[in-house]
file coords-v9.cif (mmCIF, C-alpha atoms, pLDDT in the B column; chains and numbers go by the auth columns)
data_start
loop_
_atom_site.group_PDB
_atom_site.id
_atom_site.type_symbol
_atom_site.label_atom_id
_atom_site.label_comp_id
_atom_site.label_asym_id
_atom_site.label_seq_id
_atom_site.Cartn_x
_atom_site.Cartn_y
_atom_site.Cartn_z
_atom_site.B_iso_or_equiv
_atom_site.auth_seq_id
_atom_site.auth_asym_id
ATOM 1 C CA MET A 1 0.000 0.000 0.000 35.00 1 A
ATOM 2 C CA ALA A 2 1.313 3.414 -0.938 36.00 2 A
ATOM 3 C CA ALA A 3 2.338 5.749 1.852 40.00 3 A
ATOM 4 C CA SER A 4 -0.190 8.448 2.700 40.00 4 A
ATOM 5 C CA SER A 5 2.512 11.087 2.246 49.00 5 A
ATOM 6 C CA GLN A 6 2.095 10.535 -1.522 81.00 6 A
ATOM 7 C CA ILE A 7 -1.457 11.888 -1.312 88.00 7 A
ATOM 8 C CA GLU A 8 -1.740 15.569 -2.191 94.00 8 A
ATOM 9 C CA LEU A 9 -4.503 16.799 0.098 96.00 9 A
ATOM 10 C CA ARG A 10 -6.623 19.877 -0.554 96.00 10 A
ATOM 11 C CA HIS A 11 -9.086 21.300 1.965 97.00 11 A
ATOM 12 C CA VAL A 12 -11.882 22.567 -0.273 97.00 12 A
ATOM 13 C CA ALA A 13 -14.491 23.991 2.091 98.00 13 A
ATOM 14 C CA GLU A 14 -15.770 24.181 5.671 98.00 14 A
ATOM 15 C CA ALA A 15 -19.148 25.179 7.117 98.00 15 A
ATOM 16 C CA ASP A 16 -21.486 24.782 10.066 98.00 16 A
ATOM 17 C CA PHE A 17 -23.582 21.630 9.856 98.00 17 A
ATOM 18 C CA PRO A 18 -26.489 21.302 12.293 98.00 18 A
ATOM 19 C CA SER A 19 -28.048 17.831 12.137 97.00 19 A
ATOM 20 C CA GLU A 20 -30.545 15.681 13.993 96.00 20 A
ATOM 21 C CA PHE A 21 -27.537 14.041 15.671 96.00 21 A
ATOM 22 C CA GLY A 22 -26.061 17.325 16.881 97.00 22 A
ATOM 23 C CA HIS A 23 -23.969 20.228 15.657 97.00 23 A
ATOM 24 C CA PHE A 24 -20.975 19.418 13.439 98.00 24 A
ATOM 25 C CA ARG A 25 -18.581 21.262 11.185 98.00 25 A
ATOM 26 C CA ILE A 26 -18.612 19.834 7.663 98.00 26 A
ATOM 27 C CA HIS A 27 -15.408 19.787 5.591 98.00 27 A
ATOM 28 C CA GLY A 28 -14.741 18.892 1.977 98.00 28 A
ATOM 29 C CA PHE A 29 -11.425 17.352 0.920 98.00 29 A
ATOM 30 C CA GLU A 30 -9.880 16.333 -2.371 96.00 30 A
ATOM 31 C CA GLY A 31 -6.968 13.938 -2.611 94.00 31 A
ATOM 32 C CA ALA A 32 -4.700 13.379 -5.585 92.00 32 A
ATOM 33 C CA ARG A 33 -2.023 10.815 -6.262 86.00 33 A
ATOM 34 C CA GLY A 34 -0.740 11.088 -9.798 84.00 34 A
ATOM 35 C CA ALA A 35 -3.732 11.062 -12.144 82.00 35 A
ATOM 36 C CA ALA A 36 -6.006 9.485 -9.525 83.00 36 A
ATOM 37 C CA ARG A 37 -8.471 11.774 -7.746 89.00 37 A
ATOM 38 C CA GLU A 38 -10.773 11.087 -4.828 92.00 38 A
ATOM 39 C CA GLU A 39 -13.052 13.050 -2.516 94.00 39 A
ATOM 40 C CA ALA A 40 -14.219 12.821 1.067 96.00 40 A
ATOM 41 C CA VAL A 41 -16.643 14.689 3.292 98.00 41 A
ATOM 42 C CA VAL A 42 -15.754 14.972 6.976 98.00 42 A
ATOM 43 C CA LEU A 43 -18.063 15.745 9.881 98.00 43 A
ATOM 44 C CA VAL A 44 -16.273 16.993 12.999 98.00 44 A
ATOM 45 C CA MET A 45 -17.862 17.425 16.405 98.00 45 A
ATOM 46 C CA GLY A 46 -15.889 19.133 19.154 97.00 46 A
ATOM 47 C CA ASP A 47 -12.108 19.405 19.191 95.00 47 A
ATOM 48 C CA PRO A 48 -10.425 16.329 17.656 93.00 48 A
ATOM 49 C CA GLY A 49 -7.115 17.216 19.319 89.00 49 A
ATOM 50 C CA GLY A 50 -5.911 15.722 22.578 89.00 50 A
ATOM 51 C CA ALA A 51 -7.027 12.221 23.580 95.00 51 A
ATOM 52 C CA PRO A 52 -7.770 9.837 20.680 97.00 52 A
ATOM 53 C CA PRO A 53 -11.167 10.831 19.229 97.00 53 A
ATOM 54 C CA LEU A 54 -13.908 8.446 18.138 98.00 54 A
ATOM 55 C CA VAL A 55 -13.609 8.114 14.344 97.00 55 A
ATOM 56 C CA ARG A 56 -15.679 6.327 11.719 96.00 56 A
ATOM 57 C CA ILE A 57 -14.360 5.880 8.166 96.00 57 A
ATOM 58 C CA HIS A 58 -17.511 5.253 6.165 95.00 58 A
ATOM 59 C CA SER A 59 -17.688 4.369 2.480 92.00 59 A
ATOM 60 C CA GLN A 60 -20.548 5.878 0.505 94.00 60 A
ATOM 61 C CA CYS A 61 -23.515 3.528 0.131 93.00 61 A
ATOM 62 C CA PHE A 62 -26.112 5.229 -2.035 95.00 62 A
ATOM 63 C CA THR A 63 -28.528 2.319 -1.835 94.00 63 A
ATOM 64 C CA GLY A 64 -28.278 2.060 1.941 92.00 64 A
ATOM 65 C CA ASP A 65 -27.611 5.627 3.080 95.00 65 A
ATOM 66 C CA VAL A 66 -30.209 7.215 0.773 95.00 66 A
ATOM 67 C CA PHE A 67 -32.762 4.508 -0.079 94.00 67 A
ATOM 68 C CA HIS A 68 -32.577 2.562 3.223 92.00 68 A
ATOM 69 C CA SER A 69 -31.629 -0.724 1.558 90.00 69 A
ATOM 70 C CA LEU A 70 -31.870 -3.774 3.792 88.00 70 A
ATOM 71 C CA ARG A 71 -29.308 -5.711 1.725 86.00 71 A
ATOM 72 C CA CYS A 72 -26.552 -4.218 3.882 85.00 72 A
ATOM 73 C CA ASP A 73 -26.047 -2.583 7.275 86.00 73 A
ATOM 74 C CA CYS A 74 -24.307 0.557 5.966 90.00 74 A
ATOM 75 C CA ARG A 75 -26.946 3.126 6.929 93.00 75 A
ATOM 76 C CA ALA A 76 -27.378 1.520 10.348 91.00 76 A
ATOM 77 C CA GLN A 77 -23.609 1.648 10.881 93.00 77 A
ATOM 78 C CA LEU A 78 -23.478 5.312 9.875 96.00 78 A
ATOM 79 C CA GLU A 79 -26.310 6.221 12.227 95.00 79 A
ATOM 80 C CA LEU A 80 -24.746 4.227 15.069 95.00 80 A
ATOM 81 C CA ALA A 81 -21.477 6.110 14.521 96.00 81 A
ATOM 82 C CA LEU A 82 -23.244 9.486 14.493 97.00 82 A
ATOM 83 C CA GLU A 83 -25.144 8.594 17.674 97.00 83 A
ATOM 84 C CA SER A 84 -21.958 7.387 19.401 97.00 84 A
ATOM 85 C CA ILE A 85 -20.040 10.554 18.510 97.00 85 A
ATOM 86 C CA ALA A 86 -22.959 12.735 19.584 97.00 86 A
ATOM 87 C CA ALA A 87 -23.137 10.898 22.921 97.00 87 A
ATOM 88 C CA GLU A 88 -19.473 11.713 23.550 95.00 88 A
ATOM 89 C CA GLY A 89 -19.758 15.232 22.120 96.00 89 A
ATOM 90 C CA ARG A 90 -16.563 14.709 20.151 97.00 90 A
ATOM 91 C CA GLY A 91 -15.420 12.759 17.116 98.00 91 A
ATOM 92 C CA MET A 92 -15.221 12.517 13.338 98.00 92 A
ATOM 93 C CA ILE A 93 -16.986 10.845 10.420 98.00 93 A
ATOM 94 C CA ILE A 94 -14.829 10.523 7.309 97.00 94 A
ATOM 95 C CA TYR A 95 -17.250 9.774 4.457 97.00 95 A
ATOM 96 C CA GLU A 96 -15.431 8.478 1.379 94.00 96 A
ATOM 97 C CA MET A 97 -16.890 8.407 -2.135 92.00 97 A
ATOM 98 C CA LYS A 98 -16.182 4.694 -2.654 89.00 98 A
ATOM 99 C CA GLU A 99 -19.464 3.072 -3.562 87.00 99 A
ATOM 100 C CA GLY A 100 -19.624 -0.718 -3.489 80.00 100 A
ATOM 101 C CA ARG A 101 -16.205 -1.156 -1.837 81.00 101 A
ATOM 102 C CA GLY A 102 -14.751 0.958 -4.615 83.00 102 A
ATOM 103 C CA ILE A 103 -16.363 -0.559 -7.737 88.00 103 A
ATOM 104 C CA GLY A 104 -18.883 2.265 -8.308 89.00 104 A
ATOM 105 C CA LEU A 105 -22.674 2.414 -8.243 93.00 105 A
ATOM 106 C CA MET A 106 -23.490 0.817 -11.620 95.00 106 A
ATOM 107 C CA ASN A 107 -21.128 -2.087 -10.982 92.00 107 A
ATOM 108 C CA LYS A 108 -22.632 -2.449 -7.525 92.00 108 A
ATOM 109 C CA LEU A 109 -26.052 -2.866 -9.133 95.00 109 A
ATOM 110 C CA ARG A 110 -24.572 -5.448 -11.496 94.00 110 A
ATOM 111 C CA ALA A 111 -23.230 -7.216 -8.404 91.00 111 A
ATOM 112 C CA TYR A 112 -26.736 -7.119 -6.900 92.00 112 A
ATOM 113 C CA GLN A 113 -28.012 -8.890 -10.008 96.00 113 A
ATOM 114 C CA LEU A 114 -25.400 -11.622 -9.611 94.00 114 A
ATOM 115 C CA GLN A 115 -26.263 -11.929 -5.924 89.00 115 A
ATOM 116 C CA ASP A 116 -29.899 -12.483 -6.878 93.00 116 A
ATOM 117 C CA GLN A 117 -28.639 -15.412 -8.955 94.00 117 A
ATOM 118 C CA GLY A 118 -26.878 -16.950 -5.929 89.00 118 A
ATOM 119 C CA ALA A 119 -23.437 -15.304 -5.719 89.00 119 A
ATOM 120 C CA ASP A 120 -22.270 -13.814 -2.443 84.00 120 A
ATOM 121 C CA THR A 121 -20.832 -10.288 -2.376 80.00 121 A
ATOM 122 C CA VAL A 122 -17.251 -11.483 -2.821 84.00 122 A
ATOM 123 C CA GLU A 123 -18.104 -13.824 -5.693 88.00 123 A
ATOM 124 C CA ALA A 124 -20.166 -11.131 -7.417 89.00 124 A
ATOM 125 C CA ASN A 125 -17.278 -8.659 -7.384 87.00 125 A
ATOM 126 C CA GLU A 126 -14.890 -11.294 -8.669 91.00 126 A
ATOM 127 C CA ARG A 127 -17.221 -12.305 -11.509 93.00 127 A
ATOM 128 C CA LEU A 128 -17.268 -8.656 -12.564 92.00 128 A
ATOM 129 C CA GLY A 129 -13.458 -8.666 -12.679 92.00 129 A
ATOM 130 C CA PHE A 130 -12.800 -6.844 -9.402 91.00 130 A
ATOM 131 C CA GLU A 131 -11.058 -7.679 -6.161 84.00 131 A
ATOM 132 C CA PRO A 132 -13.464 -8.270 -3.254 76.00 132 A
ATOM 133 C CA ASP A 133 -12.514 -4.860 -1.848 77.00 133 A
ATOM 134 C CA LEU A 134 -10.777 -2.119 -3.866 77.00 134 A
ATOM 135 C CA ARG A 135 -10.670 0.469 -1.082 77.00 135 A
ATOM 136 C CA GLU A 136 -7.485 2.042 0.238 83.00 136 A
ATOM 137 C CA TYR A 137 -7.236 4.365 3.194 87.00 137 A
ATOM 138 C CA GLU A 138 -4.420 6.808 2.480 90.00 138 A
ATOM 139 C CA LEU A 139 -6.863 9.701 2.107 94.00 139 A
ATOM 140 C CA PRO A 140 -8.488 9.217 5.548 94.00 140 A
ATOM 141 C CA ALA A 141 -5.028 8.998 7.115 94.00 141 A
ATOM 142 C CA ALA A 142 -3.988 12.247 5.432 95.00 142 A
ATOM 143 C CA ILE A 143 -7.211 13.907 6.608 96.00 143 A
ATOM 144 C CA LEU A 144 -6.605 12.802 10.186 96.00 144 A
ATOM 145 C CA ARG A 145 -3.130 14.281 10.052 95.00 145 A
ATOM 146 C CA HIS A 146 -4.597 17.523 8.676 96.00 146 A
ATOM 147 C CA PHE A 147 -6.522 17.814 11.941 96.00 147 A
ATOM 148 C CA GLY A 148 -3.462 16.896 13.991 95.00 148 A
ATOM 149 C CA VAL A 149 -4.902 13.503 14.941 96.00 149 A
ATOM 150 C CA GLU A 150 -2.187 10.895 15.438 94.00 150 A
ATOM 151 C CA SER A 151 -4.236 8.284 17.316 97.00 151 A
ATOM 152 C CA VAL A 152 -7.894 7.266 17.076 97.00 152 A
ATOM 153 C CA ARG A 153 -10.567 5.094 18.593 97.00 153 A
ATOM 154 C CA LEU A 154 -11.830 3.520 15.382 96.00 154 A
ATOM 155 C CA LEU A 155 -15.472 2.545 14.947 95.00 155 A
ATOM 156 C CA THR A 156 -15.111 -0.478 12.681 91.00 156 A
ATOM 157 C CA ASN A 157 -15.531 -4.214 12.237 88.00 157 A
ATOM 158 C CA ASN A 158 -12.986 -4.278 9.394 87.00 158 A
ATOM 159 C CA PRO A 159 -9.435 -5.319 10.356 88.00 159 A
ATOM 160 C CA ASP A 160 -8.141 -4.003 7.011 86.00 160 A
ATOM 161 C CA LYS A 161 -9.020 -0.440 8.073 89.00 161 A
ATOM 162 C CA ILE A 162 -7.055 -0.871 11.280 91.00 162 A
ATOM 163 C CA ALA A 163 -4.019 -2.259 9.454 90.00 163 A
ATOM 164 C CA ALA A 164 -4.182 0.441 6.766 88.00 164 A
ATOM 165 C CA LEU A 165 -4.299 3.315 9.251 92.00 165 A
ATOM 166 C CA GLU A 166 -1.478 1.819 11.305 93.00 166 A
ATOM 167 C CA GLN A 167 0.605 1.370 8.150 91.00 167 A
ATOM 168 C CA ALA A 168 -0.087 4.998 7.215 90.00 168 A
ATOM 169 C CA GLY A 169 1.201 6.160 10.591 91.00 169 A
ATOM 170 C CA VAL A 170 -2.073 6.690 12.468 94.00 170 A
ATOM 171 C CA ARG A 171 -2.248 4.640 15.670 96.00 171 A
ATOM 172 C CA VAL A 172 -5.487 2.824 16.418 96.00 172 A
ATOM 173 C CA ALA A 173 -5.649 3.084 20.193 96.00 173 A
ATOM 174 C CA GLU A 174 -8.906 1.119 20.350 95.00 174 A
ATOM 175 C CA ARG A 175 -11.246 -0.697 18.006 94.00 175 A
ATOM 176 C CA VAL A 176 -14.824 0.163 18.869 93.00 176 A
ATOM 177 C CA PRO A 177 -17.307 -2.360 17.401 88.00 177 A
ATOM 178 C CA CYS A 178 -19.809 -0.906 14.936 82.00 178 A
ATOM 179 C CA GLN A 179 -22.496 -3.570 14.722 81.00 179 A
ATOM 180 C CA PRO A 180 -26.080 -2.297 14.837 75.00 180 A
ATOM 181 C CA LYS A 181 -28.744 -4.589 16.267 75.00 181 A
ATOM 182 C CA PRO A 182 -31.176 -6.115 15.674 61.00 182 A
ATOM 183 C CA LEU A 183 -30.137 -7.361 12.235 65.00 183 A
ATOM 184 C CA THR A 184 -32.663 -7.786 9.453 67.00 184 A
ATOM 185 C CA HIS A 185 -32.797 -11.201 7.826 66.00 185 A
ATOM 186 C CA HIS A 186 -31.936 -9.516 4.512 64.00 186 A
ATOM 187 C CA ALA A 187 -28.510 -8.448 5.844 60.00 187 A
ATOM 188 C CA VAL A 188 -27.541 -11.674 7.616 64.00 188 A
ATOM 189 C CA ARG A 189 -26.113 -13.406 4.516 60.00 189 A
ATOM 190 C CA TYR A 190 -24.216 -10.239 3.609 60.00 190 A
ATOM 191 C CA LEU A 191 -22.683 -10.017 7.076 59.00 191 A
ATOM 192 C CA LYS A 192 -21.879 -13.734 7.242 59.00 192 A
ATOM 193 C CA THR A 193 -19.938 -13.330 3.983 62.00 193 A
ATOM 194 C CA LYS A 194 -18.023 -10.366 5.430 55.00 194 A
ATOM 195 C CA LYS A 195 -17.133 -12.427 8.484 59.00 195 A
ATOM 196 C CA LYS A 196 -16.235 -15.681 6.704 55.00 196 A
ATOM 197 C CA ARG A 197 -14.699 -14.414 3.453 50.00 197 A
ATOM 198 C CA MET A 198 -13.235 -11.052 4.520 53.00 198 A
ATOM 199 C CA GLY A 199 -12.383 -11.569 8.183 61.00 199 A
ATOM 200 C CA HIS A 200 -14.654 -8.871 9.585 60.00 200 A
ATOM 201 C CA LEU A 201 -14.999 -8.879 13.352 56.00 201 A
ATOM 202 C CA LEU A 202 -18.697 -9.589 13.748 58.00 202 A
ATOM 203 C CA GLU A 203 -20.881 -11.366 16.289 64.00 203 A
ATOM 204 C CA LEU A 204 -23.360 -13.487 14.341 55.00 204 A
#

call {"tool": "encode", "arguments": {"input": "coords-v9.cif", "output": "structure tokens"}}
result
Amino acid sequence: MAASSQIELRHVAEADFPSEFGHFRIHGFEGARGAAREEAVVLVMGDPGGAPPLVRIHSQCFTGDVFHSLRCDCRAQLELALESIAAEGRGMIIYEMKEGRGIGLMNKLRAYQLQDQGADTVEANERLGFEPDLREYELPAAILRHFGVESVRLLTNNPDKIAALEQAGVRVAERVPCQPKPLTHHAVRYLKTKKKRMGHLLEL
């Protein structure tokens, strides 16, 4: 994995962001590495400096976050993270534009079609010619450093996120589980695949 120092980070905008979960500041970032470009939106509550803040790195899920899909637990995870940060009065959501673990929205819908025919999420991505997970986490690491954050309490079930941040020089002081309950029966197969095929740290 490339070092996060190779990411050219640009802070695009910042504004107040009142929400039903509390009052945040919203930030826009662009990252560039060679010809590759990516974007992220960051919600910050309180002062992220000092003791390791609660942080969630969340990949865009249009179908879940917007349309409340029950095929995944993405929206529930995002809301749990927002509620947890609001309860502490301090923390960050880094929202990356990486739909479908990085394959994009149209390919994600193609993967849905394959899943309807019996493939699991890993098999569907592979049949489309992709790795099971194309995401990298250099941009979130660079964003954390922009805010002077060197250590985090990471809301995640994904060990790859922990390893990626550590490799990029951001210490994960604590993994905080991010598993909403109760689970819908629609999401159980999806989560079992994440646990069995991708090593996610889930209680099922």

call {"tool": "residues_around", "arguments": {"input": "coords-v9.cif", "residues": "stretch 174-178 of chain A", "least_positions_apart": "6", "cutoff": "7 Å", "atoms": "all atoms listed in the file", "output": "PyMOL selection string"}}
result
chain A and resi 77+153-157

call {"tool": "residues_around", "arguments": {"input": "coords-v9.cif", "residues": "A:Pro18", "least_positions_apart": "6", "cutoff": "12 Å", "atoms": "all atoms listed in the file", "output": "JSON, numbers by chain"}}
result
{"A": [24, 25, 26, 43, 44, 45, 86]}

call {"tool": "closest_residue", "arguments": {"input": "coords-v9.cif", "among": "A:Tyr112, A:Met106, A:Gly22, A:Pro53", "to": "A:Val152", "atoms": "only C-alpha atoms"}}
result
A:Pro53

call {"tool": "residues_near_point", "arguments": {"input": "coords-v9.cif", "point": "(-13.9, -7.3, -6.8)", "cutoff": "12 Å", "atoms": "all atoms listed in the file", "output": "ChimeraX atom specification"}}
result
/A:100-104,107-108,110-111,120-135,198

call {"tool": "residues_around", "arguments": {"input": "coords-v9.cif", "residues": "A:Gly64", "least_positions_apart": "4", "cutoff": "8 Å", "atoms": "only C-alpha atoms", "output": "MDAnalysis selection string"}}
result
chainID A and resid 68:75

call {"tool": "atom_distance", "arguments": {"input": "coords-v9.cif", "atom1": "atom CA of A:Pro48", "atom2": "atom CA of A:Glu8"}}
result
21.7 Å

call {"tool": "residues_around", "arguments": {"input": "coords-v9.cif", "residues": "A:Val149", "least_positions_apart": "6", "cutoff": "10 Å", "atoms": "all atoms listed in the file", "output": "mmCIF file with C-alpha atoms, in the frame of the given file"}}
result
data_model
loop_
_atom_site.group_PDB
_atom_site.id
_atom_site.type_symbol
_atom_site.label_atom_id
_atom_site.label_comp_id
_atom_site.auth_asym_id
_atom_site.auth_seq_id
_atom_site.Cartn_x
_atom_site.Cartn_y
_atom_site.Cartn_z
ATOM 1 C CA PRO A 48 -10.425 16.329 17.656
ATOM 2 C CA GLY A 49 -7.115 17.216 19.319
ATOM 3 C CA GLY A 50 -5.911 15.722 22.578
ATOM 4 C CA ALA A 51 -7.027 12.221 23.580
ATOM 5 C CA PRO A 52 -7.770 9.837 20.680
ATOM 6 C CA PRO A 53 -11.167 10.831 19.229
ATOM 7 C CA ALA A 141 -5.028 8.998 7.115
ATOM 8 C CA ALA A 142 -3.988 12.247 5.432
ATOM 9 C CA ILE A 143 -7.211 13.907 6.608
ATOM 10 C CA VAL A 170 -2.073 6.690 12.468
ATOM 11 C CA ARG A 171 -2.248 4.640 15.670
#

call {"tool": "atom_distance", "arguments": {"input": "coords-v9.cif", "atom1": "atom CA of A:Gly34", "atom2": "atom CA of A:Gln6"}}
result
8.8 Å

call {"tool": "decode", "arguments": {"input": "coords-v9.cif", "residues": "stretch 142-174 of chain A", "atoms": "C-alpha atoms", "output": "PDB file, in the first residue's frame"}}
result
ATOM      1  CA  ALA A 142      -3.988  12.247   5.432  1.00  0.00           C
ATOM      2  CA  ILE A 143      -7.211  13.907   6.608  1.00  0.00           C
ATOM      3  CA  LEU A 144      -6.605  12.802  10.186  1.00  0.00           C
ATOM      4  CA  ARG A 145      -3.130  14.281  10.052  1.00  0.00           C
ATOM      5  CA  HIS A 146      -4.597  17.523   8.676  1.00  0.00           C
ATOM      6  CA  PHE A 147      -6.522  17.814  11.941  1.00  0.00           C
ATOM      7  CA  GLY A 148      -3.462  16.896  13.991  1.00  0.00           C
ATOM      8  CA  VAL A 149      -4.902  13.503  14.941  1.00  0.00           C
ATOM      9  CA  GLU A 150      -2.187  10.895  15.438  1.00  0.00           C
ATOM     10  CA  SER A 151      -4.236   8.284  17.316  1.00  0.00           C
ATOM     11  CA  VAL A 152      -7.894   7.266  17.076  1.00  0.00           C
ATOM     12  CA  ARG A 153     -10.567   5.094  18.593  1.00  0.00           C
ATOM     13  CA  LEU A 154     -11.830   3.520  15.382  1.00  0.00           C
ATOM     14  CA  LEU A 155     -15.472   2.545  14.947  1.00  0.00           C
ATOM     15  CA  THR A 156     -15.111  -0.478  12.681  1.00  0.00           C
ATOM     16  CA  ASN A 157     -15.531  -4.214  12.237  1.00  0.00           C
ATOM     17  CA  ASN A 158     -12.986  -4.278   9.394  1.00  0.00           C
ATOM     18  CA  PRO A 159      -9.435  -5.319  10.356  1.00  0.00           C
ATOM     19  CA  ASP A 160      -8.141  -4.003   7.011  1.00  0.00           C
ATOM     20  CA  LYS A 161      -9.020  -0.440   8.073  1.00  0.00           C
ATOM     21  CA  ILE A 162      -7.055  -0.871  11.280  1.00  0.00           C
ATOM     22  CA  ALA A 163      -4.019  -2.259   9.454  1.00  0.00           C
ATOM     23  CA  ALA A 164      -4.182   0.441   6.766  1.00  0.00           C
ATOM     24  CA  LEU A 165      -4.299   3.315   9.251  1.00  0.00           C
ATOM     25  CA  GLU A 166      -1.478   1.819  11.305  1.00  0.00           C
ATOM     26  CA  GLN A 167       0.605   1.370   8.150  1.00  0.00           C
ATOM     27  CA  ALA A 168      -0.087   4.998   7.215  1.00  0.00           C
ATOM     28  CA  GLY A 169       1.201   6.160  10.591  1.00  0.00           C
ATOM     29  CA  VAL A 170      -2.073   6.690  12.468  1.00  0.00           C
ATOM     30  CA  ARG A 171      -2.248   4.640  15.670  1.00  0.00           C
ATOM     31  CA  VAL A 172      -5.487   2.824  16.418  1.00  0.00           C
ATOM     32  CA  ALA A 173      -5.649   3.084  20.193  1.00  0.00           C
ATOM     33  CA  GLU A 174      -8.906   1.119  20.350  1.00  0.00           C
TER      34      GLU A 174
END
